[in-house]
Amino acid sequence: MHCTLPLTTGLGLRAPHLADVLAQRPPVAWWEVHSENYFGGGEPIAALCQLRQDYPISLHGIGLGLGSLGPLDAQHLAQLQQLVARVEPAAVSEHLAWNRHAERYFNDLLPVPRVEGVIEHLAERISIVQDTLQRPILLENVSSYVGFADELLSEAELMAELVRRTGCGLLVDLNNFYVNALNLGLNAEAELAHIAGDSVYEIHVAGFEWFEGTAIDTHGAPVSTEVLALLRQALARWGAKPVLLERDTNLSDFASLYAEYCSLDQIVKASAGNTAREYV
Amino acid sequence: MSYAQAISAFSALLLDPQAQSAGLLHAARMRHYRANCRLNRIAALQGVFSNVAQLVGEDFFTAMAREYVDATPAHAADLHAMGADFADFIAQFAPAAELPYLAAVAQVDWARWRAYLAPDATTLGLTELAALAAADFASLQLVFHPSLQLVQSLHWPIADILAMHAGGPSADLRRGGQQLLISRRQWQAISTGQWALLQALVAGETVGDALERALQCEPDCDIQTIISLLFTQGLVLRAEP
Amino acid sequence: MNKQLILTSALTAVLAAGVSGTVVAADKEKCYGIAMAGKNDCAANGHACAGQAKTDKDAKEWKYVAAGTCVDMKGTLKPM
């Protein structure tokens with residue numbers, strides 16, 4: 001598997017913090033950025049290439065829309081291919097989501113309906129992406145606010161099946177599983193049990209916020225205690241993994257985010273230390 | 001229900017809250033997706049059209065951007081590609097009629113954004129430049145860096161407005177139209193003759209023909225300064241016969 | 001000044017400036033004169049993989065009054 005992220009804690013890097021990070025070079029083990037923010041030339045990509053000299057970088061895509069009907073967006077894929085070639089990242093990931101219908105784009109991560117045909121549809125597109133990029137990608141589960149009647153399998157089961165069919169790896173977002181548990185009555189722990197540890201190459205944690213009776217995956221709050229408990233469990237079950245802290249909204253100064261990163265890092269290190277004892 | 005049918009039903013509900021919620025559970029929560037799609041695009045526009053936003057204030061901008069987003073389906077997943085026709089929308093947007101210069105400022109904002117994110121390219125080096133000086137420069141065509149952008153307003157002082165938002169003095173709207181040369185590195189006001197020269201060069205005319213146009217338009221046009229600027233700012237990639 | 005002379009002197013000026021080191025390689029710039037950073041880039045986050053806990057207010061129920069930079073009676077724009 002072409003994924004060389006360190007088995008420690010990483011941090012999501014957002015534009016407002018880029019200058020601080022370039023100047024201070026904080027001791028963060030690795031960074032993850034959103035691929036689309038670096039599609040152009042000029043200052044953003046120059047800054048990313050500079051960081052790449054000192055840190056492992058993970059490219060996390062938002063817009064490929066693997067689940068959309070019709071062929072993949074050729075231009076988007078070509079831009080991603082160029083970026084991957086230029087940055088040579090430690091990992092490339094995308095979401096298990098769709099974003100286009102009848103030539104109209106929806107600029108959000110929409111959950112795929114797990115009905116007849118879903119496996120073939122996704123397996124084909126993941127393979128095309130992997131063939132184009134000449135490397136396996138990591139597939140991430142998303143938060144869902146709606147559900148579909150008569151679904152054939154759970155999201156984690158779908159991910160496991162796609163690993164079997166395409167050789168992709170998994171990026172397990174614990175907050176997304178937890179948000180779905182709150183909104184749709186799923187069991188997050190049962191979902192994790194469907195996932196084989198050796199298919200997991202990265203874990204995401206983030207915070208959610210309640211809004212009008214729905215748990216919204218805003219990445220705008222500290223990681224909840226429930227998600228931290230899921231993290232301890234997951235690391236105990238699967239062993240050490242790269243764990244990413246994501247923060248996208250209510251973004252404060254870098255110093256506060258870095259403090260949050262450090263406390264998560266302590267949990268990650270302590271949990272990884274427990275692995276051997278619990279699962280020998 | 002097939003995969004394609006399920007996606008179509010989801011899509012219909014995103015576009016129209018009254019659509020059939022066939023097979024969808026918790027369909028009332030579709031409003032969160034509708035909001036996300038809109039708000040993501042509005043936030044992207046806010047980032048790009050910062051001078052427009054400053055001119056009208058946040059509430060006006062957000063409301064105007066929302067109407068634009070509703071009227072204009074997104075044609076890319078890349079939010080950075082959004083807003084090419086925002087200036088056209090503003091030009092015919094009735095509530096903005098009292099601010100007739102707003103569309104021109106939107107064109108400037110879009111050009112700055114295009115310059116900022118234009119692909120990287122290798123610029124002409126000094127050795128090649130020295131060779132040019134010896135050759136018949138007038139017969140050559142110039143290929144520019146993709147970040148080079150030209151904007152003209154026939155009626156409004158777009159350079160003065162831009163300068164004002166960068167901390168400069170107030171802009172007198174009665175001053176009339178202005179032309180801008182925008183690149184990644186800087187923006188600057190250019191004369192009508194310099195504008196004509198650059199327009200002709202971008203259109204692929206030879207340096208000699210472009211020079212004719214500039215002098216026709218403005219007999220005492222400062223050619224030397226604008227040519228120097230193109231090279232010193234690294235805006236020329238190649239000169240071709 | 002004749003046209004050939006205009007062009008020659010323009011190029012000579014560039015070369016002189018180049019020798020003193022002001023010709024820039026566009027890809028090596030670190031400092032960008034256009035302040036996309038500062039006001040825009042730093043405020044905006046670009047692409048994010050997060051949802052938003054916000055109501056999406058209907059613009060049609062809202063009265064459009066520009067409240068940014070003001071224009072005085074003489075037609076001068078003044079920064080707020």
# chains A, B, ... in the order shown; residues from 1 in each chain; ligands from 1
call {"tool": "residues_around", "arguments": {"residues": "Ala53 of chain C", "least_positions_apart": "5", "cutoff": "7 Å", "atoms": "only C-alpha atoms", "output": "number ranges by chain"}}
result
A: 211, 216, 218
call {"tool": "write_last_selection", "arguments": {"atoms": "N, CA and C atoms", "output": "mmCIF file, in the first residue's frame"}}
result
data_model
loop_
_atom_site.group_PDB
_atom_site.id
_atom_site.type_symbol
_atom_site.label_atom_id
_atom_site.label_comp_id
_atom_site.auth_asym_id
_atom_site.auth_seq_id
_atom_site.Cartn_x
_atom_site.Cartn_y
_atom_site.Cartn_z
ATOM 1 N N PHE A 211 -27.657 21.273 15.727
ATOM 2 C CA PHE A 211 -28.330 22.381 15.078
ATOM 3 C C PHE A 211 -29.733 21.931 14.675
ATOM 4 N N ILE A 216 -24.664 18.070 13.374
ATOM 5 C CA ILE A 216 -24.029 18.471 12.115
ATOM 6 C C ILE A 216 -22.517 18.338 12.260
ATOM 7 N N THR A 218 -19.684 19.688 11.736
ATOM 8 C CA THR A 218 -19.135 21.002 11.372
ATOM 9 C C THR A 218 -17.617 21.085 11.495
#
call {"tool": "interface_residues", "arguments": {"of": "chain B", "to": "chain A", "cutoff": "9 Å", "atoms": "only C-alpha atoms", "output": "ChimeraX atom specification"}}
result
/B:1-4,6-8,10-11,14,22-30,32-34,36-38,40-41,73-80,115-121,147,184
call {"tool": "write_last_selection", "arguments": {"atoms": "C-alpha atoms", "output": "PDB file, in the first residue's frame"}}
result
ATOM      1  CA  MET B   1     -34.871   1.086  -6.377  1.00  0.00           C
ATOM      2  CA  SER B   2     -31.685   1.195  -8.482  1.00  0.00           C
ATOM      3  CA  TYR B   3     -28.629   3.263  -7.604  1.00  0.00           C
ATOM      4  CA  ALA B   4     -29.363   5.731 -10.418  1.00  0.00           C
ATOM      5  CA  ALA B   6     -31.918   6.748  -5.712  1.00  0.00           C
ATOM      6  CA  ILE B   7     -29.404   9.434  -6.744  1.00  0.00           C
ATOM      7  CA  SER B   8     -32.031  11.060  -8.971  1.00  0.00           C
ATOM      8  CA  PHE B  10     -31.918  12.636  -3.789  1.00  0.00           C
ATOM      9  CA  SER B  11     -31.016  15.239  -6.403  1.00  0.00           C
ATOM     10  CA  LEU B  14     -31.996  18.922  -3.106  1.00  0.00           C
ATOM     11  CA  ALA B  22     -39.284   8.359  -2.533  1.00  0.00           C
ATOM     12  CA  GLY B  23     -37.196   6.012  -0.413  1.00  0.00           C
ATOM     13  CA  LEU B  24     -35.513   8.790   1.567  1.00  0.00           C
ATOM     14  CA  LEU B  25     -35.632   8.691   5.341  1.00  0.00           C
ATOM     15  CA  HIS B  26     -35.510  11.888   7.437  1.00  0.00           C
ATOM     16  CA  ALA B  27     -36.151  13.865   4.241  1.00  0.00           C
ATOM     17  CA  ALA B  28     -36.808  17.024   6.291  1.00  0.00           C
ATOM     18  CA  ARG B  29     -33.068  17.065   7.019  1.00  0.00           C
ATOM     19  CA  MET B  30     -32.401  17.680   3.334  1.00  0.00           C
ATOM     20  CA  HIS B  32     -29.031  20.924   5.860  1.00  0.00           C
ATOM     21  CA  TYR B  33     -27.624  19.766   2.527  1.00  0.00           C
ATOM     22  CA  ARG B  34     -29.398  22.579   0.670  1.00  0.00           C
ATOM     23  CA  ASN B  36     -24.420  23.532   2.894  1.00  0.00           C
ATOM     24  CA  CYS B  37     -24.415  23.651  -0.905  1.00  0.00           C
ATOM     25  CA  ARG B  38     -25.494  27.305  -0.895  1.00  0.00           C
ATOM     26  CA  ASN B  40     -20.214  26.776   0.618  1.00  0.00           C
ATOM     27  CA  ARG B  41     -20.648  28.621  -2.664  1.00  0.00           C
ATOM     28  CA  PRO B  73     -26.110  26.021 -11.265  1.00  0.00           C
ATOM     29  CA  ALA B  74     -22.578  25.066 -10.223  1.00  0.00           C
ATOM     30  CA  HIS B  75     -20.609  23.577 -13.117  1.00  0.00           C
ATOM     31  CA  ALA B  76     -17.599  22.392 -11.116  1.00  0.00           C
ATOM     32  CA  ALA B  77     -16.834  20.755  -7.816  1.00  0.00           C
ATOM     33  CA  ASP B  78     -13.914  23.136  -7.476  1.00  0.00           C
ATOM     34  CA  LEU B  79     -15.272  26.128  -5.559  1.00  0.00           C
ATOM     35  CA  HIS B  80     -12.327  28.164  -6.783  1.00  0.00           C
ATOM     36  CA  ALA B 115      -4.066  35.873 -11.505  1.00  0.00           C
ATOM     37  CA  TYR B 116      -3.619  34.550  -7.982  1.00  0.00           C
ATOM     38  CA  LEU B 117      -4.437  30.953  -8.918  1.00  0.00           C
ATOM     39  CA  ALA B 118      -3.159  30.854 -12.515  1.00  0.00           C
ATOM     40  CA  PRO B 119      -0.896  27.898 -13.318  1.00  0.00           C
ATOM     41  CA  ASP B 120       2.833  28.333 -12.782  1.00  0.00           C
ATOM     42  CA  ALA B 121       4.991  28.830 -15.862  1.00  0.00           C
ATOM     43  CA  SER B 147      -1.450  35.147 -14.511  1.00  0.00           C
ATOM     44  CA  ARG B 184       0.171  37.589  -9.496  1.00  0.00           C
TER      45      ARG B 184
END
call {"tool": "select_by_dssp", "arguments": {"residues": "segment 7-237 of chain A", "states": "helix (DSSP H, G or I)", "output": "PyMOL selection string"}}
result
chain A and resi 15-24+35-38+43-52+74-87+118-133+155-166+174-184+188-193+197-199+225-237
call {"tool": "atom_distance", "arguments": {"atom1": "atom CA of Asn180 of chain A", "atom2": "atom CA of Leu139 of chain A"}}
result
17.2 Å
call {"tool": "residues_around", "arguments": {"residues": "Ala131 of chain B", "least_positions_apart": "4", "cutoff": "12 Å", "atoms": "only C-alpha atoms", "output": "ChimeraX atom specification"}}
result
/B:124-127,135-137,238-239 /C:11-12,15
call {"tool": "write_last_selection", "arguments": {"atoms": "C-alpha atoms", "output": "PDB file, in the first residue's frame"}}
result
ATOM      1  CA  LEU B 124      11.858  34.251 -20.161  1.00  0.00           C
ATOM      2  CA  GLY B 125      15.435  34.391 -18.855  1.00  0.00           C
ATOM      3  CA  LEU B 126      18.015  37.147 -19.250  1.00  0.00           C
ATOM      4  CA  THR B 127      20.019  35.300 -21.899  1.00  0.00           C
ATOM      5  CA  ALA B 135      16.869  40.265 -33.167  1.00  0.00           C
ATOM      6  CA  ASP B 136      14.045  41.986 -35.023  1.00  0.00           C
ATOM      7  CA  PHE B 137      11.880  42.499 -31.936  1.00  0.00           C
ATOM      8  CA  ARG B 238       8.396  33.341 -24.866  1.00  0.00           C
ATOM      9  CA  ALA B 239       8.901  35.532 -27.910  1.00  0.00           C
TER      10      ALA B 239
ATOM     11  CA  LEU C  11      14.589  46.296 -24.317  1.00  0.00           C
ATOM     12  CA  THR C  12      17.856  47.958 -23.394  1.00  0.00           C
ATOM     13  CA  LEU C  15      18.428  44.335 -19.833  1.00  0.00           C
TER      14      LEU C  15
END
call {"tool": "closest_residue", "arguments": {"among": "A:Thr8, A:Ser58, A:Thr166, A:Ser143", "to": "chain C", "atoms": "only C-alpha atoms"}}
result
A:Ser143
